[in-house]
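Asks: My questions all concern the structure below.
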Amino acid sequence: MREIQFRQALGEAMSEEMRRDPKVFLMGEEVAEYNGAYKVSQGMLDEFGPDRVIDTPIAELGFAGVGVGAAMNGLRPIIEFMTFNFSLVAIDQIINGAAKIKSMSGGQFDSPIVFRGPTGNAGQLSSQHSQNFENWYANTPGLKVVVPSNPYDAKGLLKASIRDDNPIIFMESELMYGDKGEVPEEEYLLNLGEAHIVKSGTDVTLVSFGKMMKVAVEAADLMAKEGVSVEVIDLRTVRPIDYKAIVESVKKTNRLVIVEEAWPLASISADISHHVQRHAFDYLDAPIHRVNSMDLPLPYAPTLIEEILPNVKRTIEAINSVSYR
């Protein structure tokens, strides 16, 4: 099977869906003439023209609102944010508009729109450009929140998101756009809300999503060398969450570690911890351990970044802790 970059997988997903459905269009800063800030939309302006690949001013509130209105009127917009940190400028349109219009209109209006772009730390970009808002958006009824971890998932999940009749928050990572992975040439879609068991194991369940999957898989591989069998689950989506897959795994391993880049308070890992203790308490042989970013704004210094973010060392310590090693 061919190997392509994460950015290419996203570009293929958008292009294939635009060829399939003339109602799909892409809008955002630098998506057209510049081929995308991260070259995700490279070549799309040449193929689809300026009516369907649309450069916008630096005005997230404005073009997010245009997208929501277009979706309500039967189109299927893809709105690209240069980073989800900038989506805060448009959050009213997303949360008070896209997420609620179907409910508030009594089902008269759908909002089939995808808001996509990178989330989280991307190196030395300091506090205002390094935040994770997956849990913020996942807290909003009406939205679905998708966070792929590799090129294969990125393409299959984005195609499914574009076809979905609900507003989708699709979160990527600047640090993953150049990652390569196997992606089939034939068409495929992945189900939203269905987790993927990346590695089977019997001793500890390790749950993560997005670029933190790299940390999870590396930690599991290192623990395997020490005789600890770690089952690794990639959530793929954080609204809806595949609680069933997690609970079934914990019933087998009796231990749970969750790795998440967001801050610990009111996080996805906190919600999963509650759900597992509620529905699998009698199966737990150790307290659930979470590995989050420290509860601080991310600094600029690389040494401090390494200390604050989840990493392989902290994840291994968590696995050893729940294993009483």
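Naming scheme: A, B, ... for chains in displayed order of the structure tokens; residues 1 onward per chain; ligands 1 onward as shown.
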Can you pull out every residue from segment 64-156 of chain A that DSSP, working from the backbone, puts in strand (DSSP E), and format the result as a ChimeraX atom specification?

Replies: /A:76-80,114-118,144-146

Asks: I need the alpha helix (DSSP H) residues of segment 159-213 of chain A per DSSP on the backbone, written as a PyMOL selection string.

Replies: chain A and resi 159-163+212-213

Asks: Tell me which protein, DNA and RNA residues are within 10 Å of Ala301 of chain A, counting only C-alpha atoms, leaving out same-chain ones fewer than 2 positions away, and put them as a ChimeraX atom specification.

Replies: /A:123-126,298-299,303-306

Asks: I need the chosen residues saved as a PDB file, in the first residue's frame, with C-alpha atoms.

Replies:
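Done, and the output landed in out.pdb:
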ATOM      1  CA  GLY A 123       6.747  23.717  19.320  1.00  0.00           C
ATOM      2  CA  GLN A 124       7.952  27.009  20.704  1.00  0.00           C
ATOM      3  CA  LEU A 125       4.787  29.020  20.039  1.00  0.00           C
ATOM      4  CA  SER A 126       4.164  29.909  23.705  1.00  0.00           C
ATOM      5  CA  LEU A 298       2.683  26.537  27.998  1.00  0.00           C
ATOM      6  CA  PRO A 299       5.965  28.506  28.134  1.00  0.00           C
ATOM      7  CA  THR A 303      13.084  22.481  28.439  1.00  0.00           C
ATOM      8  CA  LEU A 304       9.937  23.672  30.203  1.00  0.00           C
ATOM      9  CA  ILE A 305       7.715  22.451  27.345  1.00  0.00           C
ATOM     10  CA  GLU A 306       9.164  18.966  27.784  1.00  0.00           C
TER      11      GLU A 306
END

Asks: Determine the nearest neighbour of Asn96 of chain A from the options A:Asn150, A:Asn135, A:Gly142, A:Glu80, counting only C-alpha atoms.

Replies: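 Going through A:Asn150, A:Asn135, A:Gly142, A:Glu80 one by one, the smallest distance to Asn96 of chain A is for A:Gly142.
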
Asks: Between atom CA of Ile91 of chain A and atom CA of Gly193 of chain A, what is the distance in Å, rounded to a tenth?

Replies: 23.0 Å

Asks: Which of these, A:Gly69, A:Pro112, A:Pro151, A:Gly156, has the shortest distance to Ile168 of chain A once you count only C-alpha atoms?

Replies: A:Pro112

Asks: Taking 4 positions as the minimum chain separation for residues in the same chain, which residues sit within 8 Å of Met14 of chain A when counting only C-alpha atoms? Answer as a list of chain:residue names.

Replies: A:Leu10, A:Met18, A:Leu158, A:Lys159

Asks: Let me make sure I understand: among A:Gln277, A:Ser293, A:Ser111, A:Thr56, which one has the smallest atom-to-atom distance to Ala70 of chain A if we use only C-alpha atoms?

Replies: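 Under the stated criterion, the closest residue is A:Ser111.
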
Asks: Using only C-alpha atoms, which protein or nucleic acid residues come within 12 Å of Gly49 of chain A? Drop anything in the same chain fewer than 4 positions from it, and give the result as an MDAnalysis selection string.

Replies: chainID A and resid 18 25:27 31:33 43:45 53:55

Asks: Which residue out of A:Asp285, A:Asp271, A:Glu182, A:Glu172 has the minimum interatomic distance to Ile241 of chain A when only C-alpha atoms are used?

Replies: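 Looking only at the distances to Ile241 of chain A, the closest residue turns out to be A:Asp271.
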
Asks: Can you pull out every residue within 8 Å of Glu260 of chain A, counting only C-alpha atoms, but drop anything in the same chain fewer than 5 positions away, and send it as a count of residues only?

Replies: 10

Asks: Quick one: pull the distance between atom CA of Ser103 of chain A and atom CA of Ile169 of chain A, Å, one decimal.

Replies: 18.0 Å

Asks: For Glu12 of chain A, please output as a ChimeraX atom specification all residues within 9 Å (counting only C-alpha atoms; exclusion window: fewer than 6 positions along the same chain).

Replies: /A:40-41,155

Asks: Just to be explicit: take each residue in the selection above, keep all heavy atoms, and write the result as a compact mmCIF listing (two decimals), in the first residue's frame.

Replies:
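Below is the file selection22.txt, written as the result:
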# COMPACT_ATOMS: atom_id res chain seq x y z
N VAL A 40 -2.17 21.84 3.03
CA VAL A 40 -3.21 20.81 3.00
C VAL A 40 -4.07 20.95 1.75
O VAL A 40 -4.50 19.96 1.16
CB VAL A 40 -4.07 20.88 4.28
CG1 VAL A 40 -5.28 19.95 4.17
CG2 VAL A 40 -3.24 20.52 5.50
N SER A 41 -4.32 22.19 1.33
CA SER A 41 -5.21 22.42 0.17
C SER A 41 -4.43 22.67 -1.12
O SER A 41 -4.94 23.28 -2.05
CB SER A 41 -6.14 23.61 0.46
OG SER A 41 -5.40 24.77 0.82
N LYS A 155 -7.89 10.67 6.70
CA LYS A 155 -8.68 10.67 5.47
C LYS A 155 -10.06 10.06 5.70
O LYS A 155 -11.09 10.65 5.32
CB LYS A 155 -7.95 9.92 4.36
CG LYS A 155 -8.72 9.95 3.03
CD LYS A 155 -7.95 9.35 1.87
CE LYS A 155 -8.77 9.46 0.58
NZ LYS A 155 -8.05 8.90 -0.59

Asks: For the atom pair atom CA of Ser127 of chain A and atom CA of Asn85 of chain A, what is the interatomic distance in Å to one decimal place?

Replies: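 We find that atom CA of Ser127 of chain A and atom CA of Asn85 of chain A lie 9.9 Å from each other.
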
Asks: Taking only C-alpha atoms into account, which of A:Leu309, A:Ala138, A:Val68, A:Ala13 comes nearest Asp295 of chain A?

Replies: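 Of the candidates, the smallest distance to Asp295 of chain A is held by A:Leu309.
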